[in-house]
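Next comes my_file.txt, with compact mmCIF, C-alpha atoms and all ligand atoms.
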# COMPACT_ATOMS: atom_id res chain seq x y z
CA MET A 1168 -77.40 13.93 -73.66
CA SER A 1169 -79.01 12.92 -70.38
CA GLU A 1170 -78.62 9.42 -68.97
CA ALA A 1171 -82.32 8.87 -69.46
CA ALA A 1172 -82.04 9.74 -73.17
CA VAL A 1173 -79.07 7.40 -73.61
CA ALA A 1174 -80.99 4.61 -71.90
CA ALA A 1175 -84.01 5.28 -74.10
CA ALA A 1176 -81.94 5.01 -77.28
CA VAL A 1177 -80.83 1.44 -76.54
CA LYS A 1178 -84.46 0.48 -76.06
CA CYS A 1179 -86.79 -0.38 -78.91
CA ALA A 1180 -87.67 2.75 -80.90
CA TYR A 1181 -91.42 2.17 -81.03
CA PRO A 1182 -93.77 3.68 -78.47
CA GLY A 1183 -95.21 1.17 -76.07
CA CYS A 1184 -92.29 -1.27 -76.27
CA ASP A 1185 -89.37 -1.53 -73.85
CA GLY A 1186 -87.56 -4.30 -75.77
CA ASP A 1187 -83.76 -4.30 -75.56
CA ALA A 1188 -82.43 -3.01 -78.87
CA GLY A 1189 -79.03 -4.55 -78.17
CA ALA A 1190 -80.47 -7.93 -78.98
CA ALA A 1191 -81.73 -6.53 -82.30
CA ARG A 1192 -78.35 -5.55 -83.65
CA GLY A 1193 -77.77 -8.71 -85.63
CA ALA A 1194 -81.35 -9.18 -86.75
CA GLY A 1195 -82.78 -5.78 -87.69
CA HIS A 1196 -85.84 -6.04 -85.53
CA CYS A 1197 -86.88 -5.73 -81.90
CA GLY A 1198 -86.76 -9.09 -80.17
CA LYS A 1199 -89.81 -8.21 -78.10
CA CYS A 1200 -92.30 -6.57 -80.47
CA LEU A 1201 -90.68 -7.86 -83.73
CA ARG A 1202 -91.04 -4.50 -85.48
CA PRO A 1203 -88.22 -3.47 -87.87
CA LEU A 1204 -85.44 -1.26 -86.52
CA ARG A 1205 -82.56 0.71 -88.01
CA ILE A 1206 -79.48 0.41 -85.88
CA CYS A 1207 -77.15 3.42 -86.05
CA GLY A 1208 -73.69 2.37 -87.21
CA ASP A 1209 -72.09 5.27 -85.33
CA CYS A 1210 -73.66 5.17 -81.89
CA GLY A 1211 -75.61 1.90 -81.82
CA ALA A 1212 -78.99 3.49 -81.06
CA ALA A 1213 -82.12 1.78 -82.33
CA ASN A 1214 -84.33 3.82 -84.66
CA GLN A 1215 -87.68 3.22 -86.28
CA SER A 1216 -87.10 1.62 -89.66
CA LEU A 1217 -88.39 4.52 -91.77
CA ALA A 1218 -86.21 7.09 -89.99
CA LEU A 1219 -83.21 8.26 -91.98
CA PHE A 1220 -81.43 10.16 -89.22
CA CYS A 1221 -80.44 8.70 -85.85
CA ARG A 1222 -82.54 9.87 -82.92
CA ARG A 1223 -79.49 9.92 -80.66
CA CYS A 1224 -76.55 11.24 -82.73
CA ALA A 1225 -78.51 12.72 -85.70
CA LYS A 1226 -76.23 11.06 -88.24
CA GLU A 1227 -77.65 9.34 -91.29
CA VAL A 1228 -78.44 5.68 -90.63
CA LYS A 1229 -78.05 3.21 -93.46
CA TYR A 1230 -80.80 0.62 -93.57
CA SER A 1231 -78.92 -2.55 -94.27
CA GLY A 1232 -82.02 -4.60 -94.94
CA PHE A 1233 -80.64 -7.55 -92.98
CA GLY A 1234 -80.77 -10.11 -95.73
CA ALA A 1235 -80.77 -13.84 -95.49
CA ALA A 1236 -77.00 -14.04 -95.15
CA ALA A 1237 -77.09 -11.86 -92.03
CA LEU A 1238 -79.66 -14.11 -90.39
CA GLY A 1239 -77.69 -17.34 -90.67
CA PRO A 1240 -78.70 -20.77 -92.01
CA ASP A 1241 -80.18 -22.04 -88.73
CA VAL A 1242 -82.56 -19.09 -88.34
CA LEU A 1243 -83.63 -19.42 -91.98
CA ALA A 1244 -84.13 -23.17 -91.82
CA GLY A 1245 -86.14 -22.69 -88.62
CA ALA A 1246 -88.38 -20.04 -90.19
CA PHE A 1247 -88.98 -21.96 -93.42
CA SER A 1248 -89.64 -25.24 -91.64
CA ARG A 1249 -92.99 -23.74 -90.59
CA SER A 1250 -95.87 -22.92 -92.91
CA PRO A 1251 -96.33 -19.21 -93.58
CA LYS A 1252 -99.25 -17.09 -92.52
CA VAL A 1253 -101.06 -15.74 -95.58
CA THR A 1254 -102.72 -12.30 -95.49
CA LEU A 1255 -104.74 -10.88 -98.38
CA PHE A 1256 -105.15 -7.12 -98.93
CA GLY A 1257 -108.72 -7.45 -100.22
CA GLN A 1258 -108.30 -4.88 -103.05
CA THR A 1259 -107.45 -4.92 -106.76
CA PHE A 1260 -103.94 -4.04 -107.88
CA ALA A 1261 -102.28 -3.47 -111.25
CA CYS A 1262 -98.80 -2.96 -109.84
CA ALA A 1263 -96.53 -5.00 -107.69
CA PRO A 1264 -96.09 -4.09 -104.04
CA ALA A 1265 -92.73 -2.94 -102.69
CA VAL A 1266 -90.94 -3.81 -99.47
CA PHE A 1267 -89.46 -0.69 -97.86
CA GLY A 1268 -88.36 -0.05 -94.32
CA GLY A 1269 -89.55 -3.45 -93.18
CA PHE A 1270 -93.13 -2.94 -94.39
CA VAL A 1271 -94.96 -4.06 -97.53
CA TRP A 1272 -96.50 -1.14 -99.49
CA ALA A 1273 -99.01 -1.43 -102.30
CA LEU A 1274 -100.91 1.12 -104.40
CA SER A 1275 -104.30 -0.17 -105.48
CA SER A 1276 -106.00 0.44 -108.82
CA THR A 1277 -108.22 3.01 -107.11
CA GLY A 1278 -105.21 5.05 -105.99
CA GLU A 1279 -105.24 3.99 -102.36
CA LEU A 1280 -101.95 3.26 -100.58
CA TRP A 1281 -101.87 0.25 -98.24
CA ARG A 1282 -99.30 -0.91 -95.75
CA PHE A 1283 -98.76 -4.37 -94.33
CA THR A 1284 -96.88 -4.69 -91.05
CA PRO A 1285 -95.49 -8.22 -91.17
CA ALA A 1286 -94.98 -9.01 -87.54
CA SER A 1287 -95.62 -7.45 -84.21
CA THR A 1288 -96.49 -8.92 -80.88
CA LEU A 1289 -97.36 -5.53 -79.36
CA ASP A 1290 -98.50 -3.31 -82.24
CA PRO A 1291 -102.24 -3.90 -82.71
CA LYS A 1292 -101.67 -3.36 -86.44
CA GLY A 1293 -99.03 -6.11 -86.58
CA GLY A 1294 -99.79 -8.78 -89.15
CA ARG A 1295 -102.47 -6.52 -90.58
CA VAL A 1296 -103.14 -4.50 -93.69
CA ALA A 1297 -104.01 -0.83 -93.16
CA SER A 1298 -104.99 1.95 -95.55
CA GLN A 1299 -102.54 4.86 -95.39
CA CYS A 1300 -103.87 7.54 -97.74
CA SER A 1301 -105.72 8.04 -101.01
CA LEU A 1302 -103.91 9.58 -103.99
CA GLY A 1303 -107.11 9.54 -106.05
CA ALA A 1304 -108.34 8.02 -109.31
CA GLY A 1305 -105.80 7.39 -112.05
CA PHE A 1306 -102.96 6.48 -109.72
CA GLY A 1307 -101.81 2.88 -109.39
CA ASP A 1308 -101.48 1.94 -113.07
CA SER A 1309 -97.69 2.14 -113.00
CA PRO A 1310 -95.22 1.32 -110.23
CA MET A 1311 -94.74 3.88 -107.47
CA ALA A 1312 -91.32 5.09 -106.33
CA LEU A 1313 -90.46 4.61 -102.66
CA GLY A 1314 -87.41 5.97 -100.91
CA HIS A 1315 -85.82 8.70 -98.85
CA PHE A 1316 -86.23 11.63 -101.22
CA PRO A 1317 -86.01 15.39 -100.60
CA GLY A 1318 -89.48 16.45 -99.51
CA ARG A 1319 -90.84 19.84 -98.63
CA GLY A 1320 -88.08 21.90 -97.07
CA GLY A 1321 -85.42 19.95 -98.98
CA VAL A 1322 -84.78 17.44 -96.19
CA ARG A 1323 -84.81 13.81 -97.20
CA VAL A 1324 -87.85 12.02 -95.84
CA PRO A 1325 -89.49 8.66 -96.55
CA LEU A 1326 -91.69 9.43 -99.54
CA VAL A 1327 -93.89 7.61 -101.99
CA LEU A 1328 -94.17 9.15 -105.46
CA ALA A 1329 -96.88 8.10 -107.87
CA ILE A 1330 -98.16 9.32 -111.21
CA SER A 1331 -101.45 9.66 -113.07
CA GLU A 1332 -102.10 11.24 -116.47
CA GLY A 1333 -102.86 14.49 -114.70
CA ALA A 1334 -100.38 14.76 -111.86
CA ILE A 1335 -97.41 13.47 -109.92
CA LYS A 1336 -98.13 13.25 -106.20
CA ALA A 1337 -96.00 12.64 -103.13
CA TRP A 1338 -96.88 11.42 -99.65
CA ASN A 1339 -94.69 11.31 -96.57
CA LEU A 1340 -94.82 7.76 -95.20
CA VAL A 1341 -94.60 8.76 -91.54
CA THR A 1342 -96.12 12.20 -90.86
CA GLY A 1343 -99.67 11.39 -91.88
CA GLU A 1344 -100.05 14.70 -93.75
CA SER A 1345 -102.20 14.81 -96.88
CA PRO A 1346 -100.54 13.89 -100.19
CA TYR A 1347 -99.24 16.91 -102.13
CA ILE A 1348 -98.95 17.63 -105.85
CA VAL A 1349 -95.40 17.68 -107.18
CA ALA A 1350 -96.37 18.54 -110.78
CA GLU A 1351 -99.46 18.78 -112.95
CA SER A 1352 -99.64 17.90 -116.62
CA GLY A 1353 -101.65 20.99 -117.61
CA ALA A 1354 -102.72 20.87 -121.26
CA GLY A 1355 -100.73 17.69 -121.94
CA ARG A 1356 -100.55 14.39 -120.14
CA PHE A 1357 -98.08 12.20 -118.35
CA TRP A 1358 -97.44 8.65 -119.52
CA ALA A 1359 -98.65 6.96 -116.40
CA SER A 1360 -100.15 3.60 -117.21
CA MET A 1361 -98.75 0.15 -117.91
CA SER A 1362 -102.31 -1.16 -117.99
CA ALA A 1363 -103.83 -3.04 -120.91
CA LYS A 1364 -106.68 -0.53 -121.10
CA ASP A 1365 -104.24 2.19 -122.15
CA ASP A 1366 -101.38 2.15 -124.59
CA GLU A 1367 -99.40 -0.38 -122.61
CA ARG A 1368 -95.93 1.01 -122.59
CA TYR A 1369 -93.39 0.51 -119.85
CA VAL A 1370 -93.77 3.94 -118.25
CA GLY A 1371 -93.93 5.51 -114.81
CA VAL A 1372 -92.24 7.91 -112.45
CA VAL A 1373 -88.72 7.83 -111.02
CA CYS A 1374 -86.85 10.00 -108.56
CA HIS A 1375 -83.23 10.92 -109.10
CA GLY A 1376 -81.44 13.25 -106.70
CA ALA A 1377 -83.94 15.97 -105.81
CA ARG A 1378 -85.97 15.63 -109.02
CA VAL A 1379 -88.79 13.45 -110.31
CA PHE A 1380 -88.87 12.34 -113.95
CA ALA A 1381 -91.67 11.11 -116.21
CA LEU A 1382 -92.61 10.99 -119.89
CA TYR A 1383 -94.93 13.73 -121.11
CA SER A 1384 -96.96 14.49 -124.24
CA GLY A 1385 -98.24 17.95 -125.06
CA LYS A 1386 -101.11 18.66 -127.43
CA GLU A 1387 -98.97 19.04 -130.54
CA GLU A 1388 -95.47 17.94 -129.76
CA GLY A 1389 -94.17 14.38 -129.49
CA VAL A 1390 -92.96 12.75 -126.32
CA ALA A 1391 -90.79 14.72 -123.91
CA LEU A 1392 -88.78 13.82 -120.84
CA PHE A 1393 -90.32 15.86 -118.02
CA SER A 1394 -88.91 16.68 -114.63
CA ALA A 1395 -89.79 18.70 -111.55
CA GLY A 1396 -88.27 19.22 -108.12
CA THR A 1397 -89.52 16.72 -105.53
CA GLU A 1398 -90.79 19.69 -103.50
CA GLY A 1399 -92.83 20.84 -106.52
CA GLY A 1400 -92.08 23.53 -109.10
CA ASN A 1401 -88.89 24.10 -111.09
CA THR A 1402 -90.18 22.07 -114.05
CA TRP A 1403 -88.20 21.18 -117.16
CA ARG A 1404 -89.01 19.45 -120.45
CA GLY A 1405 -86.68 17.99 -123.05
CA GLU A 1406 -88.08 16.90 -126.42
CA ILE A 1407 -87.46 13.31 -127.46
CA GLY A 1408 -89.60 12.98 -130.56
CA LYS A 1409 -92.34 10.79 -131.93
CA GLY A 1410 -92.77 7.06 -131.61
CA PRO A 1411 -93.09 4.65 -128.74
CA ILE A 1412 -90.82 5.48 -125.82
CA ALA A 1413 -90.41 3.61 -122.53
CA GLY A 1414 -89.05 4.94 -119.26
CA PRO A 1415 -87.76 6.80 -117.46
CA LEU A 1416 -85.18 4.70 -115.64
CA VAL A 1417 -81.84 5.49 -114.10
CA ILE A 1418 -78.86 3.81 -115.75
CA ASP A 1419 -75.50 4.41 -114.10
CA ASP A 1420 -76.62 7.69 -112.48
CA ARG A 1421 -78.22 9.05 -115.69
CA VAL A 1422 -81.95 9.46 -116.25
CA CYS A 1423 -82.72 7.58 -119.46
CA CYS A 1424 -85.58 6.44 -121.64
CA TYR A 1425 -85.55 4.36 -124.80
CA SER A 1426 -87.26 3.53 -128.06
CA GLN A 1427 -86.84 0.28 -129.97
CA ASP A 1428 -83.45 1.30 -131.30
CA THR A 1429 -82.30 4.37 -129.36
CA VAL A 1430 -81.31 5.23 -125.80
CA TYR A 1431 -82.00 8.83 -124.67
CA TRP A 1432 -80.55 10.45 -121.58
CA GLU A 1433 -80.66 13.76 -119.77
CA ASP A 1434 -77.36 15.61 -119.67
CA GLU A 1435 -77.20 19.00 -117.94
CA GLY A 1436 -80.59 20.16 -119.17
CA THR A 1437 -80.50 18.65 -122.65
CA VAL A 1438 -81.56 15.28 -124.03
CA LYS A 1439 -78.87 13.29 -125.78
CA SER A 1440 -79.43 10.13 -127.79
CA GLN A 1441 -77.54 7.19 -129.20
CA LYS A 1442 -78.77 4.66 -131.73
CA LEU A 1443 -77.95 1.06 -130.93
CA GLY A 1444 -76.41 -1.26 -133.49
CA ALA A 1445 -79.12 -1.63 -136.16
CA GLY A 1446 -80.53 -5.13 -136.50
CA ILE A 1447 -78.48 -6.60 -133.70
CA VAL A 1448 -80.92 -5.77 -130.94
CA ARG A 1449 -84.41 -4.30 -130.69
CA LEU A 1450 -85.45 -3.02 -127.29
CA ILE A 1451 -88.95 -3.91 -126.12
CA VAL A 1452 -90.94 -0.76 -125.36
CA SER A 1453 -94.38 -2.24 -124.71
CA PRO A 1454 -95.79 -5.66 -123.83
CA ARG A 1455 -97.87 -5.65 -127.02
CA GLU A 1456 -94.85 -6.00 -129.28
CA ALA A 1457 -93.51 -8.96 -127.32
CA PRO A 1458 -96.23 -11.54 -126.72
CA GLY A 1459 -94.99 -14.25 -124.43
CA PHE A 1460 -92.18 -12.19 -122.97
CA GLN A 1461 -92.43 -12.73 -119.22
CA ARG A 1462 -91.49 -9.68 -117.21
CA PRO A 1463 -91.73 -9.74 -113.41
CA ALA A 1464 -95.44 -9.29 -112.69
CA GLY A 1465 -96.69 -5.74 -112.18
CA ALA A 1466 -93.19 -4.29 -112.26
CA PHE A 1467 -91.00 -2.44 -114.73
CA PRO A 1468 -89.38 -4.95 -117.08
CA TRP A 1469 -85.86 -3.66 -116.51
CA VAL A 1470 -83.39 -4.72 -113.85
CA LEU A 1471 -81.22 -1.89 -112.54
CA ALA A 1472 -77.71 -2.87 -111.50
CA PRO A 1473 -75.02 -0.66 -109.97
CA ARG A 1474 -73.16 0.00 -113.24
CA GLY A 1475 -75.85 -0.47 -115.86
CA ALA A 1476 -79.29 -1.89 -116.58
CA TYR A 1477 -80.78 -4.97 -118.21
CA LEU A 1478 -83.51 -3.94 -120.66
CA PRO A 1479 -85.99 -6.29 -122.34
CA ALA A 1480 -84.90 -6.93 -125.92
CA GLN A 1481 -85.24 -9.09 -129.00
CA SER A 1482 -82.30 -10.30 -130.99
CA ASP A 1483 -82.43 -12.60 -134.02
CA GLY A 1484 -86.04 -13.45 -133.22
CA ARG A 1485 -85.33 -14.44 -129.63
CA TYR A 1486 -86.17 -12.66 -126.42
CA GLY A 1487 -83.35 -11.55 -124.23
CA LEU A 1488 -82.01 -8.78 -122.08
CA ALA A 1489 -79.78 -6.00 -123.32
CA TRP A 1490 -77.06 -5.08 -120.83
CA VAL A 1491 -76.80 -1.32 -121.29
CA ARG A 1492 -74.07 0.69 -119.59
CA PHE A 1493 -72.29 3.96 -120.22
CA SER A 1494 -68.75 3.96 -121.54
CA ASN A 1495 -66.98 7.25 -122.28
CA GLY A 1496 -70.28 9.05 -121.74
CA ARG A 1497 -72.27 7.03 -124.27
CA PRO A 1498 -74.45 3.93 -123.87
CA VAL A 1499 -73.09 0.62 -125.09
CA CYS A 1500 -75.09 -2.55 -125.33
CA GLN A 1501 -74.55 -6.29 -125.17
CA VAL A 1502 -77.29 -8.89 -125.53
CA ILE A 1503 -78.00 -11.82 -123.23
CA ARG A 1504 -80.27 -14.26 -125.03
CA LEU A 1505 -82.85 -16.07 -122.94
CA GLU A 1506 -83.80 -19.64 -123.64
CA PRO A 1507 -87.51 -19.92 -124.54
CA ASP A 1508 -88.37 -21.57 -121.21
CA SER A 1509 -86.70 -19.15 -118.82
CA SER A 1510 -87.51 -16.19 -116.63
CA TYR A 1511 -85.68 -13.43 -114.82
CA SER A 1512 -85.86 -11.29 -111.68
CA GLN A 1513 -83.45 -9.46 -109.41
CA ALA A 1514 -81.44 -11.06 -106.65
CA ALA A 1515 -81.42 -9.42 -103.21
CA ASP A 1516 -77.94 -8.03 -103.85
CA GLY A 1517 -79.06 -6.34 -107.09
CA ARG A 1518 -77.62 -8.84 -109.55
CA LEU A 1519 -79.70 -10.23 -112.40
CA LEU A 1520 -81.16 -13.64 -111.68
CA VAL A 1521 -82.06 -15.81 -114.66
CA CYS A 1522 -83.80 -19.12 -114.18
CA LYS A 1523 -83.64 -21.66 -116.97
CA ARG A 1524 -85.01 -25.13 -116.46
CA GLY A 1525 -83.10 -26.74 -113.63
CA CYS A 1526 -80.62 -23.93 -113.05
CA LEU A 1527 -80.37 -20.45 -111.53
CA MET A 1528 -77.84 -18.14 -113.19
CA LEU A 1529 -76.51 -14.89 -111.73
CA TYR A 1530 -75.28 -12.05 -113.93
CA GLU A 1531 -72.92 -9.29 -112.98
CA ASP A 1532 -71.87 -6.57 -115.44
CA GLY A 1533 -73.41 -8.59 -118.25
CA GLY A 1534 -71.57 -11.83 -117.51
CA GLY A 1535 -73.36 -14.85 -116.06
CA ALA A 1536 -72.46 -17.94 -114.09
CA PRO A 1537 -74.55 -20.88 -112.82
CA GLN A 1538 -75.35 -20.50 -109.14
CA PHE A 1539 -77.67 -23.30 -108.05
CA ASP A 1540 -79.19 -26.28 -109.75
CA ASP A 1541 -82.18 -28.45 -109.02
CA GLN A 1542 -83.60 -30.63 -111.79
CA GLN A 1543 -87.15 -29.89 -110.57
CA MET A 1544 -86.67 -26.11 -110.76
CA SER A 1545 -89.30 -24.63 -113.05
CA PRO A 1546 -88.85 -21.03 -114.36
CA SER A 1547 -91.63 -18.76 -113.15
CA GLY A 1548 -90.20 -15.25 -113.01
CA VAL A 1549 -90.31 -15.13 -109.24
CA GLU A 1550 -87.12 -16.83 -108.23
CA PHE A 1551 -85.46 -15.36 -105.18
CA PHE A 1552 -81.82 -15.60 -104.26
CA ASP A 1553 -80.11 -14.19 -101.19
CA ASP A 1554 -77.31 -16.60 -100.37
CA PRO A 1555 -77.88 -19.05 -98.68
CA LEU A 1556 -81.66 -18.77 -99.27
CA TYR A 1557 -83.20 -19.78 -102.60
CA LEU A 1558 -86.94 -19.65 -103.34
CA TYR A 1559 -88.36 -20.93 -106.61
CA LEU A 1560 -91.14 -23.00 -108.08
CA ALA A 1561 -90.47 -26.69 -108.49
CA SER A 1562 -92.39 -29.20 -110.58
CA VAL A 1563 -93.29 -32.25 -108.53
CA ALA A 1564 -95.68 -35.13 -109.09
CA GLY A 1565 -98.65 -33.23 -107.62
CA GLY A 1566 -98.01 -30.01 -109.62
CA LYS A 1567 -95.99 -26.92 -108.78
CA VAL A 1568 -94.81 -26.07 -105.29
CA LEU A 1569 -92.83 -23.24 -103.79
CA ARG A 1570 -89.49 -24.62 -102.71
CA ALA A 1571 -87.35 -22.92 -100.07
CA SER A 1572 -83.73 -24.08 -99.99
CA VAL A 1573 -81.14 -22.96 -97.49
CA GLY A 1574 -77.87 -23.84 -99.17
CA ARG A 1575 -77.73 -27.55 -99.93
CA SER A 1576 -78.65 -28.71 -96.45
CA PHE A 1577 -82.32 -27.75 -96.10
CA SER A 1578 -85.27 -27.62 -98.43
CA ARG A 1579 -89.00 -27.55 -97.93
CA ASP A 1580 -91.96 -27.42 -100.30
CA GLU A 1581 -95.01 -25.24 -99.70
CA GLN A 1582 -98.38 -25.35 -101.38
CA ILE A 1583 -99.21 -21.62 -101.16
CA PRO A 1584 -99.21 -20.90 -104.87
CA ARG A 1585 -101.74 -23.63 -105.57
CA ALA A 1586 -103.92 -22.90 -102.56
CA ARG A 1587 -104.51 -19.37 -103.86
CA GLY A 1588 -105.13 -20.08 -107.51
CA ALA A 1589 -102.82 -18.85 -110.24
CA VAL A 1590 -100.40 -16.88 -108.22
CA THR A 1591 -97.54 -14.67 -109.28
CA MET A 1592 -94.97 -13.98 -106.64
CA VAL A 1593 -93.32 -10.63 -106.50
CA ARG A 1594 -90.29 -10.50 -104.33
CA CYS A 1595 -89.16 -11.95 -101.08
CA ALA A 1596 -87.61 -9.80 -98.39
CA ASN A 1597 -86.70 -9.77 -94.75
CA ALA A 1598 -89.05 -7.30 -93.12
CA GLY A 1599 -88.63 -6.94 -89.41
CA GLY A 1600 -88.90 -10.24 -87.64
CA ALA A 1601 -90.26 -12.02 -90.67
CA PHE A 1602 -89.61 -13.05 -94.22
CA VAL A 1603 -92.35 -11.82 -96.51
CA LEU A 1604 -93.30 -13.04 -99.95
CA PRO A 1605 -95.84 -10.73 -101.60
CA PHE A 1606 -97.83 -12.24 -104.46
CA PHE A 1607 -100.72 -11.55 -106.81
CA ASP A 1608 -103.61 -13.96 -106.57
CA ALA A 1609 -105.78 -14.94 -109.50
CA GLY A 1610 -108.17 -12.01 -108.89
CA LEU A 1611 -105.34 -9.43 -108.92
CA ASP A 1612 -105.54 -9.02 -105.19
CA ILE A 1613 -102.22 -8.91 -103.37
CA GLY A 1614 -101.35 -11.31 -100.61
CA VAL A 1615 -98.33 -11.69 -98.38
CA ALA A 1616 -96.99 -15.00 -97.15
CA THR A 1617 -95.16 -14.36 -93.86
CA TRP A 1618 -92.64 -16.62 -92.18
CA LEU A 1619 -91.91 -15.38 -88.67
CA LEU A 1620 -88.26 -15.64 -87.70
ZN ZN A 1701 -90.08 -3.38 -79.68
ZN ZN A 1702 -76.54 7.33 -83.89
Rewrite the structure from the file as structure tokens, please.
Ligand SMILES: [Zn+2]
Ligand SMILES: [Zn+2]
Amino acid sequence: MSEAAVAAAVKCAYPGCDGDAGAARGAGHCGKCLRPLRICGDCGAANQSLALFCRRCAKEVKYSGFGAAALGPDVLAGAFSRSPKVTLFGQTFACAPAVFGGFVWALSSTGELWRFTPASTLDPKGGRVASQCSLGAGFGDSPMALGHFPGRGGVRVPLVLAISEGAIKAWNLVTGESPYIVAESGAGRFWASMSAKDDERYVGVVCHGARVFALYSGKEEGVALFSAGTEGGNTWRGEIGKGPIAGPLVIDDRVCCYSQDTVYWEDEGTVKSQKLGAGIVRLIVSPREAPGFQRPAGAFPWVLAPRGAYLPAQSDGRYGLAWVRFSNGRPVCQVIRLEPDSSYSQAADGRLLVCKRGCLMLYEDGGGAPQFDDQQMSPSGVEFFDDPLYLYLASVAGGKVLRASVGRSFSRDEQIPRARGAVTMVRCANAGGAFVLPFFDAGLDIGVATWLL
């Protein structure tokens, strides 16, 4: 490699910026333009945050995400001591946005994909919402899948996958090419909507390895687990049967779906099933059968952990979460009951976060322990935990406020939720020079509260 190329790789990876990437190593973003960077663990080069392979040494670069712990308490307390900037997308959304590669992505109810760049001092799109592509009508009623998946040519690229009744489509997040069809439903249809106007089941599309999975109904048959290669073609269908089914989701490296009493999973081209202990637990397949059960807004109701998944469930007339994992090749289940006034979400490290009045609990492998208490803490389903940063709603004399706590030494209340009407927060994340908190406003628009670091 030439000296010029080596010099270029320690500079910021975005065109038009000559920021020193060395300063970005501990923070995950360029200190000059604030855009998110991926720092190569092997050679130290700075790469654009959506790149998977290093531009200098060509090795795969892990995107660490640079959570709150990496930033340090002083940086966090500094950021959260200021009021956030609030940006609204100005569209209507049924599904929650996702934070990926340092950007906020959202698929609107009209099938249009939007991107929010949280912070940039040089990029004219910084701090702005921009339309990326249109997938068409029918997309946007169930969560999209975002990740580095094998695209055309089999190479892993940053892709969004989304589903409608008629098709599964993919779009490369960086090349700007038109979206392409991964699979079409033909005479049948895909289960693609979690919207109240349809049958309201927890359904959507997932990617596992080089394949996409969805639920499918033909004209005559019952529900089937469907899959296709992420490049398109090579389709497969495995019959599940009649009755309400939710999924698919990946539990411990297996593609699964479930009915009220049975877990199904794909195993080398066949569908296997296992009934759960009758009467002990009933899995919740659709929101209709569980009025009052609060899942994280606009998202799948399950929480995926490294060795299993927490599925919404009822047990002895109470709502809870069933911790489902595989043991000796078969699913086993254990129920965590939720107190009536409680909510759940996922912590930044993947663990299950349960908020009951006054206390945040963290669960790992089905077992929970209290993590943080605050008598004013009020369960809302949007609690965020990334040690030492806690975000949650607190009940104070004037109503509810968003409280940011950095360990026990700093806390600050913000009025954002009230200023924007009935707001449901989605997930907080560090996204290149900023902390972002996407939320739904009362009109089902999406907004992002941004705290610059
Ligand atoms: Zn830069
Ligand atoms: Zn490298």
(message) Please return as a ChimeraX atom specification the residues found within 10 Å of ligand ZN 1702 (chain A), counting all atoms listed in the file.
(response) /A:1176,1205-1214,1220-1228
(message) Which residues are near Ser1547 of chain A? Cut-off 10 Å, all atoms listed in the file, ignore same chain within fewer than 3 positions. Put them as a PyMOL selection string.
(response) chain A and resi 1461-1463+1508-1512+1522-1524+1544+1550+1559-1561+1591-1592
(message) Using Å and a single decimal, report how far atom CA of Phe1577 of chain A sits from atom CA of Pro1240 of chain A.
(response)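 Answer for the atom CA of Pro1240 of chain A to atom CA of Phe1577 of chain A separation: 8.9 Å.
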(message) Tell me which residues come within 10 Å of (-83.0, -14.5, -106.0), as a VMD selection string, counting only C-alpha atoms in the file's coordinates.
(response) chain A and resid 1511 to 1522 1527 to 1529 1549 to 1554 1556 to 1559 1594 to 1595
Once you count all atoms listed in the file, what closest atom pair and distance in Å to one decimal does each residue of chain A within 8 Å of ligand ZN 1701 (chain A) have, with rows by chain and rising residue number, as a tab-separated table?
residue	atom	partner	partner_atom	distance
A:Lys1178	CA	A:ZN1701	ZN	7.7
A:Cys1179	CA	A:ZN1701	ZN	4.5
A:Ala1180	CA	A:ZN1701	ZN	6.7
A:Tyr1181	CA	A:ZN1701	ZN	5.9
A:Gly1183	CA	A:ZN1701	ZN	7.7
A:Cys1184	CA	A:ZN1701	ZN	4.6
A:Asp1185	CA	A:ZN1701	ZN	6.2
A:Gly1186	CA	A:ZN1701	ZN	4.7
A:Asp1187	CA	A:ZN1701	ZN	7.6
A:Ala1188	CA	A:ZN1701	ZN	7.7
A:His1196	CA	A:ZN1701	ZN	7.7
A:Cys1197	CA	A:ZN1701	ZN	4.5
A:Gly1198	CA	A:ZN1701	ZN	6.6
A:Lys1199	CA	A:ZN1701	ZN	5.1
A:Cys1200	CA	A:ZN1701	ZN	4.0
A:Leu1201	CA	A:ZN1701	ZN	6.1
A:Arg1202	CA	A:ZN1701	ZN	6.0
A:Leu1289	CA	A:ZN1701	ZN	7.6
(request) Check the smallest atom-to-atom distance from each of A:Pro1479, A:Gly1535, A:Gly1303, A:Gly1376 to Ser1426 of chain A using all atoms listed in the file, then report the winner. (result)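 Residue with the minimum atom-to-atom distance to Ser1426 of chain A: A:Pro1479.
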In the coordinate frame of the file, compute which residues have an atom within 9 Å of (-99.5, 10.9, -115.6) when using all atoms listed in the file, and state them as a compact mmCIF listing (two decimals) with C-alpha atoms, in the frame of the given file.
# COMPACT_ATOMS: atom_id res chain seq x y z
CA GLY A 1305 -105.80 7.39 -112.05
CA PHE A 1306 -102.96 6.48 -109.72
CA ALA A 1329 -96.88 8.10 -107.87
CA ILE A 1330 -98.16 9.32 -111.21
CA SER A 1331 -101.45 9.66 -113.07
CA GLU A 1332 -102.10 11.24 -116.47
CA GLY A 1333 -102.86 14.49 -114.70
CA ALA A 1334 -100.38 14.76 -111.86
CA ILE A 1335 -97.41 13.47 -109.92
CA GLU A 1351 -99.46 18.78 -112.95
CA SER A 1352 -99.64 17.90 -116.62
CA ARG A 1356 -100.55 14.39 -120.14
CA PHE A 1357 -98.08 12.20 -118.35
CA TRP A 1358 -97.44 8.65 -119.52
CA ALA A 1359 -98.65 6.96 -116.40
CA SER A 1360 -100.15 3.60 -117.21
CA GLY A 1371 -93.93 5.51 -114.81
CA VAL A 1372 -92.24 7.91 -112.45
CA ALA A 1381 -91.67 11.11 -116.21
CA LEU A 1382 -92.61 10.99 -119.89
CA TYR A 1383 -94.93 13.73 -121.11
